[in-house]
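Enquirer: entry_8.cif is reproduced in full below (mmCIF, C-alpha atoms and all ligand atoms).
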data_work
#
loop_
_atom_site.label_atom_id
_atom_site.label_comp_id
_atom_site.auth_asym_id
_atom_site.auth_seq_id
_atom_site.Cartn_x
_atom_site.Cartn_y
_atom_site.Cartn_z
CA MET A 1 -20.22 -20.55 2.48
CA GLN A 2 -20.39 -16.84 3.29
CA LEU A 3 -18.24 -14.34 1.39
CA ILE A 4 -16.72 -12.08 4.03
CA TYR A 5 -14.44 -9.84 1.96
CA GLU A 6 -13.77 -9.10 -1.70
CA GLY A 7 -10.63 -7.22 -2.64
CA LYS A 8 -9.02 -6.33 -5.95
CA ALA A 9 -7.33 -9.69 -6.50
CA LYS A 10 -8.78 -12.00 -3.83
CA ARG A 11 -11.91 -13.10 -2.04
CA LEU A 12 -12.14 -14.38 1.52
CA TRP A 13 -14.74 -16.99 2.40
CA GLU A 14 -15.80 -18.55 5.69
CA THR A 15 -15.08 -22.24 6.25
CA ASP A 16 -16.57 -24.90 8.58
CA ASP A 17 -13.83 -23.96 11.03
CA ASP A 18 -14.22 -20.67 12.95
CA SER A 19 -10.46 -20.19 13.14
CA THR A 20 -9.77 -20.36 9.37
CA LEU A 21 -10.83 -18.75 6.09
CA ARG A 22 -10.61 -19.74 2.45
CA MET A 23 -8.62 -17.25 0.38
CA GLU A 24 -9.50 -17.32 -3.31
CA PHE A 25 -7.12 -15.87 -5.92
CA LYS A 26 -8.95 -14.06 -8.71
CA ASN A 27 -7.80 -13.46 -12.28
CA ASP A 28 -8.27 -9.70 -11.90
CA ALA A 29 -5.32 -7.32 -11.83
CA THR A 30 -5.27 -3.67 -10.82
CA ALA A 31 -2.56 -1.02 -10.65
CA PHE A 32 -2.21 2.63 -9.71
CA ASN A 33 -4.65 2.38 -6.79
CA GLY A 34 -7.27 0.62 -8.91
CA GLU A 35 -7.18 3.08 -11.84
CA LYS A 36 -5.86 0.47 -14.28
CA LYS A 37 -7.76 -2.81 -14.48
CA ALA A 38 -7.48 -6.04 -16.45
CA SER A 39 -8.11 -9.73 -16.14
CA PHE A 40 -5.60 -12.43 -17.03
CA GLU A 41 -6.49 -16.06 -17.63
CA ASN A 42 -4.58 -18.26 -15.15
CA LYS A 43 -3.46 -15.38 -12.93
CA GLY A 44 -5.31 -16.78 -9.90
CA ARG A 45 -3.82 -20.21 -10.43
CA LEU A 46 -0.28 -18.89 -10.94
CA ASN A 47 -0.33 -16.53 -7.95
CA ASN A 48 -1.79 -19.25 -5.76
CA ALA A 49 0.90 -21.72 -6.87
CA ILE A 50 3.71 -19.18 -6.34
CA SER A 51 2.36 -17.89 -3.01
CA THR A 52 1.76 -21.42 -1.69
CA LEU A 53 5.28 -22.48 -2.64
CA ILE A 54 6.74 -19.44 -0.87
CA TYR A 55 4.57 -19.82 2.25
CA GLU A 56 5.43 -23.52 2.55
CA TYR A 57 9.10 -22.59 2.29
CA LEU A 58 8.79 -19.82 4.92
CA GLU A 59 6.92 -22.14 7.30
CA LYS A 60 9.60 -24.79 6.79
CA VAL A 61 12.36 -22.38 7.79
CA GLY A 62 10.43 -21.26 10.88
CA VAL A 63 8.58 -18.06 9.92
CA PRO A 64 5.13 -17.92 11.57
CA THR A 65 2.46 -17.29 8.91
CA HIS A 66 -1.29 -17.49 8.34
CA PHE A 67 -0.88 -20.36 5.87
CA VAL A 68 -2.64 -23.67 6.58
CA ARG A 69 -2.84 -25.57 3.27
CA GLN A 70 -3.57 -25.31 -0.41
CA ILE A 71 -7.15 -26.40 -1.12
CA ASP A 72 -7.11 -26.41 -4.94
CA GLU A 73 -5.73 -24.47 -7.91
CA THR A 74 -7.14 -21.12 -6.84
CA ASN A 75 -7.84 -21.51 -3.11
CA VAL A 76 -5.85 -21.78 0.11
CA GLU A 77 -6.94 -22.20 3.71
CA VAL A 78 -5.50 -19.55 6.03
CA LYS A 79 -5.77 -18.81 9.72
CA ARG A 80 -8.18 -15.99 10.56
CA VAL A 81 -6.24 -12.82 11.38
CA ARG A 82 -6.96 -9.16 12.04
CA ILE A 83 -4.77 -7.51 9.43
CA LEU A 84 -2.59 -4.64 10.69
CA MET A 85 -3.53 -1.58 8.62
CA VAL A 86 0.12 -1.08 7.70
CA GLU A 87 1.73 -2.26 4.46
CA VAL A 88 5.36 -3.13 4.97
CA ILE A 89 7.62 -2.56 1.99
CA VAL A 90 11.18 -3.83 1.88
CA ARG A 91 13.54 -2.55 -0.81
CA ASN A 92 16.90 -3.94 -1.88
CA VAL A 93 17.26 -2.00 -5.14
CA SER A 94 15.80 1.37 -6.15
CA ALA A 95 12.58 1.16 -8.18
CA GLY A 96 8.97 2.32 -8.34
CA SER A 97 7.76 4.92 -5.89
CA PHE A 98 11.21 5.14 -4.27
CA CYS A 99 12.59 6.56 -7.54
CA LYS A 100 9.58 8.84 -7.99
CA ARG A 101 10.02 10.22 -4.48
CA THR A 102 13.78 10.69 -4.55
CA GLY A 103 14.70 11.21 -8.19
CA MET A 104 17.22 8.38 -7.91
CA LYS A 105 17.51 6.26 -11.05
CA GLU A 106 16.12 2.72 -11.13
CA GLY A 107 18.39 -0.23 -10.38
CA VAL A 108 20.73 1.13 -7.69
CA ALA A 109 21.47 -1.57 -5.09
CA PHE A 110 21.14 -0.32 -1.51
CA SER A 111 23.94 -0.88 1.03
CA LEU A 112 21.29 -2.18 3.47
CA PRO A 113 17.60 -2.93 2.89
CA ILE A 114 15.11 -0.09 3.30
CA VAL A 115 11.95 -0.84 5.29
CA GLU A 116 9.04 1.55 4.84
CA TYR A 117 5.39 1.62 5.81
CA SER A 118 2.20 2.82 4.21
CA TYR A 119 -1.24 3.23 5.70
CA LYS A 120 -3.62 0.67 4.16
CA SER A 121 -6.28 3.06 2.91
CA ASP A 122 -7.54 3.01 -0.68
CA ALA A 123 -9.38 6.29 -0.03
CA LEU A 124 -6.10 8.02 0.86
CA GLY A 125 -4.03 6.14 -1.74
CA ASP A 126 -1.91 4.16 0.77
CA PRO A 127 0.19 7.13 1.98
CA LEU A 128 3.73 6.69 3.27
CA ILE A 129 3.85 6.78 7.08
CA ASN A 130 6.53 6.13 9.72
CA ASP A 131 6.79 4.59 13.20
CA ASP A 132 5.66 7.79 14.89
CA TYR A 133 2.53 7.99 12.68
CA ILE A 134 1.75 4.32 13.39
CA ARG A 135 2.03 4.87 17.15
CA GLU A 136 -0.10 8.04 17.18
CA MET A 137 -2.69 6.62 14.74
CA GLY A 138 -3.00 3.62 17.07
CA LEU A 139 -2.32 1.17 14.21
CA ALA A 140 0.17 -0.91 16.22
CA SER A 141 2.28 -0.62 19.36
CA VAL A 142 5.96 0.25 19.38
CA GLU A 143 6.74 -3.34 20.44
CA ASP A 144 4.58 -4.78 17.65
CA MET A 145 6.35 -2.63 15.06
CA ALA A 146 9.76 -3.69 16.35
CA PHE A 147 8.63 -7.30 15.79
CA VAL A 148 7.16 -6.47 12.35
CA ARG A 149 10.36 -4.75 11.18
CA GLU A 150 12.57 -7.57 12.42
CA SER A 151 10.28 -10.17 10.77
CA ALA A 152 10.19 -8.25 7.48
CA LEU A 153 14.00 -8.08 7.36
CA LYS A 154 14.24 -11.77 8.21
CA VAL A 155 11.78 -12.67 5.44
CA ASN A 156 13.74 -10.41 3.06
CA GLY A 157 16.95 -12.30 3.85
CA ILE A 158 15.29 -15.67 3.36
CA LEU A 159 13.44 -14.75 0.16
CA SER A 160 16.34 -12.82 -1.40
CA GLY A 161 18.42 -16.01 -1.13
CA PHE A 162 15.58 -18.24 -2.32
CA PHE A 163 14.83 -16.10 -5.41
CA SER A 164 18.52 -15.66 -6.15
CA GLU A 165 18.92 -19.43 -6.30
CA ALA A 166 16.08 -19.37 -8.84
CA GLY A 167 17.92 -16.78 -10.95
CA LEU A 168 15.78 -13.85 -9.76
CA LYS A 169 16.66 -10.61 -7.97
CA LEU A 170 14.19 -9.63 -5.25
CA VAL A 171 14.18 -5.88 -5.89
CA ASP A 172 11.38 -4.92 -3.49
CA PHE A 173 8.19 -6.38 -2.09
CA LYS A 174 5.19 -5.69 0.10
CA LEU A 175 4.27 -7.70 3.18
CA GLU A 176 1.24 -7.66 5.40
CA PHE A 177 0.97 -8.89 8.96
CA GLY A 178 -2.02 -9.86 11.08
CA ARG A 179 -2.94 -10.82 14.61
CA LEU A 180 -4.26 -14.36 15.00
CA VAL A 181 -7.94 -14.19 16.02
CA SER A 182 -7.36 -17.35 18.09
CA ASP A 183 -4.36 -15.76 19.87
CA PRO A 184 -4.20 -11.97 19.36
CA ALA A 185 -0.80 -11.72 21.05
CA GLN A 186 0.67 -13.53 18.05
CA ILE A 187 1.48 -11.54 14.91
CA VAL A 188 1.99 -13.61 11.75
CA LEU A 189 2.80 -12.97 8.11
CA ALA A 190 -0.41 -12.83 6.03
CA ASP A 191 -1.74 -12.13 2.52
CA GLU A 192 -0.28 -13.47 -0.72
CA ILE A 193 3.37 -13.29 -1.75
CA SER A 194 3.45 -13.30 -5.56
CA PRO A 195 4.75 -11.29 -8.53
CA ASP A 196 1.76 -8.96 -7.93
CA GLY A 197 3.46 -7.61 -4.79
CA CYS A 198 7.16 -8.26 -5.49
CA ARG A 199 9.53 -6.79 -8.05
CA LEU A 200 11.55 -9.65 -9.51
CA TRP A 201 14.24 -9.11 -12.13
CA ASP A 202 16.05 -11.80 -14.08
CA LEU A 203 19.50 -11.99 -12.48
CA LYS A 204 21.30 -12.23 -15.83
CA THR A 205 19.29 -10.01 -18.18
CA GLY A 206 17.55 -7.63 -15.74
CA GLU A 207 14.23 -8.42 -17.43
CA LYS A 208 11.18 -7.58 -15.31
CA MET A 209 9.25 -10.70 -14.27
CA ASP A 210 6.48 -9.15 -12.16
CA LYS A 211 3.45 -6.87 -12.18
CA ASP A 212 5.50 -4.04 -13.70
CA ARG A 213 4.90 -5.89 -17.02
CA PHE A 214 1.22 -5.02 -16.54
CA ARG A 215 1.78 -1.54 -15.02
CA ARG A 216 4.07 -0.53 -17.89
CA ASP A 217 2.35 -2.46 -20.72
CA LEU A 218 5.44 -4.57 -21.38
CA GLY A 219 3.39 -7.58 -22.53
CA ASN A 220 3.77 -11.30 -21.73
CA VAL A 221 2.55 -10.77 -18.17
CA MET A 222 1.38 -14.32 -17.48
CA GLU A 223 4.34 -15.78 -19.36
CA ALA A 224 6.60 -14.04 -16.84
CA TYR A 225 4.57 -15.32 -13.85
CA GLU A 226 4.68 -18.82 -15.38
CA GLU A 227 8.48 -18.53 -15.67
CA VAL A 228 8.79 -17.38 -12.02
CA LEU A 229 6.78 -20.43 -10.92
CA ALA A 230 8.86 -22.80 -13.08
CA ARG A 231 12.12 -21.42 -11.68
CA LEU A 232 10.96 -21.62 -8.05
CA LYS A 233 9.83 -25.22 -8.62
CA ALA A 234 13.18 -26.06 -10.21
CA ARG A 235 14.95 -24.47 -7.22
CA LEU A 236 12.94 -26.65 -4.81
CA ASP A 237 13.58 -29.79 -6.87
CA ALA A 238 17.33 -29.11 -7.11
N1 LIG A 301 3.26 -3.00 -3.59
C1 LIG A 301 2.11 -3.75 -3.43
N2 LIG A 301 0.94 -3.12 -3.11
C2 LIG A 301 0.85 -1.79 -2.94
C3 LIG A 301 2.02 -1.01 -3.10
C4 LIG A 301 3.20 -1.64 -3.42
O1 LIG A 301 2.15 -4.97 -3.56
O2 LIG A 301 -0.25 -1.27 -2.63
C5 LIG A 301 4.53 -3.65 -3.92
C6 LIG A 301 4.96 -3.38 -5.35
O3 LIG A 301 4.53 -4.42 -6.21
C7 LIG A 301 6.45 -3.35 -5.25
C8 LIG A 301 6.73 -2.88 -3.83
O4 LIG A 301 5.54 -3.11 -3.10
O5 LIG A 301 7.00 -4.66 -5.39
C9 LIG A 301 7.12 -1.43 -3.76
O6 LIG A 301 6.16 -0.67 -4.44
P1 LIG A 301 6.33 0.89 -4.65
O7 LIG A 301 6.21 1.57 -3.33
O8 LIG A 301 7.55 1.16 -5.44
O9 LIG A 301 5.02 1.34 -5.39
P2 LIG A 301 4.52 1.24 -6.89
O10 LIG A 301 5.69 1.45 -7.79
O11 LIG A 301 3.91 -0.12 -6.97
O12 LIG A 301 3.52 2.33 -6.94
#
Give the structure from this file in structure tokens form.

Expert:
Amino acid sequence: MQLIYEGKAKRLWETDDDSTLRMEFKNDATAFNGEKKASFENKGRLNNAISTLIYEYLEKVGVPTHFVRQIDETNVEVKRVRILMVEVIVRNVSAGSFCKRTGMKEGVAFSLPIVEYSYKSDALGDPLINDDYIREMGLASVEDMAFVRESALKVNGILSGFFSEAGLKLVDFKLEFGRLVSDPAQIVLADEISPDGCRLWDLKTGEKMDKDRFRRDLGNVMEAYEEVLARLKARLDA
């Protein structure tokens, strides 16, 4: 089958069905806009397992997504979408680029979640943009962005509760949305949801259980991902 896209951590392949694609999770990891690179044995399998578990949960509670089914350890089938060129970041606690931009210390809980957007452009380093930029750049309509913001906050509420019941704090995370190729009026949640794109801290100890272990050379990166998966599974089995 034809490879149609290769990104930093995933490949997209055609399938027999025009309306779906196969999304393959790679073992590669990158950070700082691709400047730092590594490969971790089992990363593809772990991210696929975690993302599949989360997508199945979101579908079950009524969130429309691109997810169709898990194919095997490192592959899922997803509906074909045109990805909106906007990354949606939701923050519950100060961390990462929020702290860099504001000077606020890490770990301050916000009174309400912060939703922010960046323009999906590796060449420009995913710059921060706002609703007015998105409208004038023609990336999405005002109505679409109202839907995207509402959906992102809804997903944040659902996932914050889900992770909390697994002993994890959802500090911040990145979402992507796409328009179904089969029905472009419909915008659905797309891309993976894994510790690569979420900050997850142990609720009791505050220990980082996500890609910051790689970004900051904290060690035991895959052990942390393995622990996230085990806790989410235990939460589902409870
Ligand atoms: N994030 C992501 N992809 C990106 C940028 C951010 O998945 O291109 C995630 C990141 O893992 C974190 C959240 O979005 O959970 C907020 O990231 P932040 O803006 O703080 O940027 P970073 O510290 O990763 O540079």

Enquirer: Which residues, written as a list of chain:residue names, have at least one atom at most 12 Å from A:Ser182, with only C-alpha atoms counted and residues fewer than 4 positions away on the same chain left out?

Expert: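 Everything that qualifies: A:Asp17, A:Asp18, A:Ser19, A:Thr20, A:His66, A:Lys79, A:Arg80, A:Val81, A:Arg82, A:Gly178, A:Gln186, A:Ile187, A:Val188.
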
Enquirer: For each of A:Glu165, A:Ala95, A:Lys174, A:Ile158, take the minimum atom-to-atom distance to A:Ser118, counting only C-alpha atoms, then give the residue where this is smallest.

Expert: A:Lys174

Enquirer: Using all atoms listed in the file, which protein or nucleic acid residues come within 8 Å of A:Asp196? Drop anything in the same chain fewer than 5 positions from it, and give the result as a ChimeraX atom specification.

Expert: /A:47,210-211

Enquirer: Could you pull out the residues sitting within 9 Å of ligand LIG 301 (chain A), using only C-alpha atoms and all ligand atoms, and write them as a ChimeraX atom specification?

Expert: /A:31-33,87-91,94-100,116,118,120,122,125-126,128,170-175,193-200,210-212,215

Enquirer: Write out as number ranges by chain the residues lying within 10 Å of A:Leu3, counting all atoms listed in the file and excluding same-chain residues fewer than 3 positions away.

Expert: A: 6, 11-15, 21-22

Enquirer: Calculate how many Å separate atom CA of A:Glu24 from atom CA of A:Asn75, rounding to one decimal.

Expert: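 Between atom CA of A:Glu24 and atom CA of A:Asn75 the gap is 4.5 Å.
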
Enquirer: Taking 6 positions as the minimum chain separation for residues in the same chain, which residues sit within 9 Å of A:Val76 when counting all atoms listed in the file? Answer as a list in words.

Expert: Leu21, Arg22, Met23, Glu24, Phe25, Asn48, Thr52, Phe67, Val68, Arg69 and Gln70 of chain A

Enquirer: Please measure the separation of atom CA of A:Lys169 and atom CA of A:Gly107, giving the value in Å to one decimal.

Expert: 10.8 Å

Enquirer: Measuring between all atoms listed in the file, which one of A:Met209, A:Ala29, A:Ala140, A:Met222 shows the shortest distance to A:Met85?

Expert: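 Among the listed residues, A:Ala140 lies closest to A:Met85.
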
Enquirer: Smallest atom-to-atom distance to A:Met137: which of A:Arg45, A:Val181, A:Leu84, A:Ser111, using all atoms listed in the file?

Expert: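 Residue with the minimum atom-to-atom distance to A:Met137: A:Leu84.
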
Enquirer: Can you sort out the box for stretch 191-207 of chain A, edges along x, y and z, all listed atoms in, 3 Å on every side, with centre and edge lengths in Å to one decimal, as lines of an AutoDock Vina configuration file?

Expert:
center_x = 9.8
center_y = -10.1
center_z = -7.8
size_x = 29.0
size_y = 12.7
size_z = 26.7

Enquirer: Using only C-alpha atoms for the distances, tell me which of A:Val115, A:Asp191, A:Phe147, A:Pro127 is nearest to A:Gly7.

Expert: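 Of the candidates, the smallest distance to A:Gly7 is held by A:Asp191.
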
Enquirer: Work out how far atom CA of A:Arg235 is from atom CA of A:Ala9, in Å to one decimal.

Expert: 26.7 Å

Enquirer: If you count only C-alpha atoms, which residues fall within 9 Å of A:Asn27, apart from same-chain ones fewer than 6 positions away, as a PyMOL selection string?

Expert: chain A and resi 9-10+38-45

Enquirer: Point out the residue among A:Glu227, A:Ala146, A:Leu203, A:Val86 with the least atom-to-atom distance to A:Ile134, counting all atoms listed in the file.

Expert: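 Smallest separation from A:Ile134 among the options: A:Val86.
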
Enquirer: Have a look at A:Ser51, A:Ser164, A:Gln2, A:Thr30 and name the one nearest to A:Trp201; count only C-alpha atoms.

Expert: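 Closest residue, counting only C-alpha atoms: A:Ser164.
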
Enquirer: Mind rebuilding stretch 61-72 of chain A with all heavy atoms and writing that out as a compact mmCIF listing (two decimals), in the coordinates of the input?

Expert:
# COMPACT_ATOMS: atom_id res chain seq x y z
N VAL A 61 11.18 -22.97 7.16
CA VAL A 61 12.36 -22.38 7.79
C VAL A 61 12.00 -21.60 9.07
O VAL A 61 12.83 -20.86 9.60
CB VAL A 61 13.19 -21.50 6.81
CG1 VAL A 61 13.70 -22.34 5.65
CG2 VAL A 61 12.39 -20.31 6.28
N GLY A 62 10.76 -21.75 9.54
CA GLY A 62 10.43 -21.26 10.88
C GLY A 62 9.78 -19.90 10.97
O GLY A 62 9.73 -19.31 12.06
N VAL A 63 9.29 -19.36 9.85
CA VAL A 63 8.58 -18.06 9.92
C VAL A 63 7.10 -18.32 10.22
O VAL A 63 6.46 -19.06 9.49
CB VAL A 63 8.72 -17.29 8.58
CG1 VAL A 63 7.92 -15.98 8.63
CG2 VAL A 63 10.19 -17.02 8.26
N PRO A 64 6.56 -17.72 11.29
CA PRO A 64 5.13 -17.92 11.57
C PRO A 64 4.26 -17.17 10.56
O PRO A 64 4.45 -15.97 10.34
CB PRO A 64 4.93 -17.35 12.98
CG PRO A 64 6.17 -16.62 13.34
CD PRO A 64 7.21 -16.85 12.29
N THR A 65 3.32 -17.89 9.94
CA THR A 65 2.46 -17.29 8.91
C THR A 65 1.00 -17.72 9.11
O THR A 65 0.71 -18.58 9.93
CB THR A 65 2.88 -17.72 7.49
OG1 THR A 65 2.36 -19.02 7.22
CG2 THR A 65 4.39 -17.72 7.30
N HIS A 66 0.14 -17.14 8.28
CA HIS A 66 -1.29 -17.49 8.34
C HIS A 66 -1.61 -18.75 7.55
O HIS A 66 -2.72 -19.26 7.60
CB HIS A 66 -2.15 -16.32 7.82
CG HIS A 66 -2.08 -16.13 6.33
ND1 HIS A 66 -3.07 -15.49 5.61
CD2 HIS A 66 -1.13 -16.48 5.43
CE1 HIS A 66 -2.74 -15.49 4.34
NE2 HIS A 66 -1.58 -16.07 4.20
N PHE A 67 -0.62 -19.28 6.83
CA PHE A 67 -0.88 -20.36 5.87
C PHE A 67 -1.24 -21.68 6.56
O PHE A 67 -0.58 -22.09 7.50
CB PHE A 67 0.37 -20.56 5.01
CG PHE A 67 0.19 -21.57 3.91
CD1 PHE A 67 -0.40 -21.21 2.71
CD2 PHE A 67 0.59 -22.88 4.09
CE1 PHE A 67 -0.58 -22.14 1.70
CE2 PHE A 67 0.41 -23.82 3.08
CZ PHE A 67 -0.16 -23.45 1.88
N VAL A 68 -2.28 -22.33 6.08
CA VAL A 68 -2.64 -23.67 6.58
C VAL A 68 -2.39 -24.72 5.51
O VAL A 68 -1.60 -25.64 5.69
CB VAL A 68 -4.12 -23.73 7.05
CG1 VAL A 68 -4.47 -25.13 7.53
CG2 VAL A 68 -4.39 -22.70 8.14
N ARG A 69 -3.03 -24.58 4.34
CA ARG A 69 -2.84 -25.57 3.27
C ARG A 69 -3.44 -25.04 1.98
O ARG A 69 -4.31 -24.16 1.99
CB ARG A 69 -3.51 -26.91 3.61
CG ARG A 69 -5.02 -26.79 3.63
CD ARG A 69 -5.74 -28.06 4.04
NE ARG A 69 -7.17 -27.77 4.12
CZ ARG A 69 -8.08 -28.16 3.23
NH1 ARG A 69 -7.73 -28.93 2.22
NH2 ARG A 69 -9.35 -27.84 3.35
N GLN A 70 -2.95 -25.60 0.87
CA GLN A 70 -3.57 -25.31 -0.41
C GLN A 70 -4.79 -26.20 -0.55
O GLN A 70 -4.72 -27.40 -0.27
CB GLN A 70 -2.58 -25.57 -1.54
CG GLN A 70 -3.12 -25.14 -2.89
CD GLN A 70 -2.06 -25.14 -3.98
OE1 GLN A 70 -1.19 -26.02 -4.00
NE2 GLN A 70 -2.12 -24.20 -4.88
N ILE A 71 -5.93 -25.61 -0.96
CA ILE A 71 -7.15 -26.40 -1.12
C ILE A 71 -7.25 -26.93 -2.55
O ILE A 71 -7.46 -28.11 -2.77
CB ILE A 71 -8.40 -25.54 -0.78
CG1 ILE A 71 -8.36 -25.12 0.70
CG2 ILE A 71 -9.68 -26.32 -1.09
CD1 ILE A 71 -9.43 -24.09 1.07
N ASP A 72 -7.09 -26.02 -3.52
CA ASP A 72 -7.11 -26.41 -4.94
C ASP A 72 -6.37 -25.34 -5.73
O ASP A 72 -5.67 -24.51 -5.14
CB ASP A 72 -8.55 -26.63 -5.44
CG ASP A 72 -9.40 -25.36 -5.31
OD1 ASP A 72 -8.83 -24.25 -5.34
OD2 ASP A 72 -10.63 -25.49 -5.18
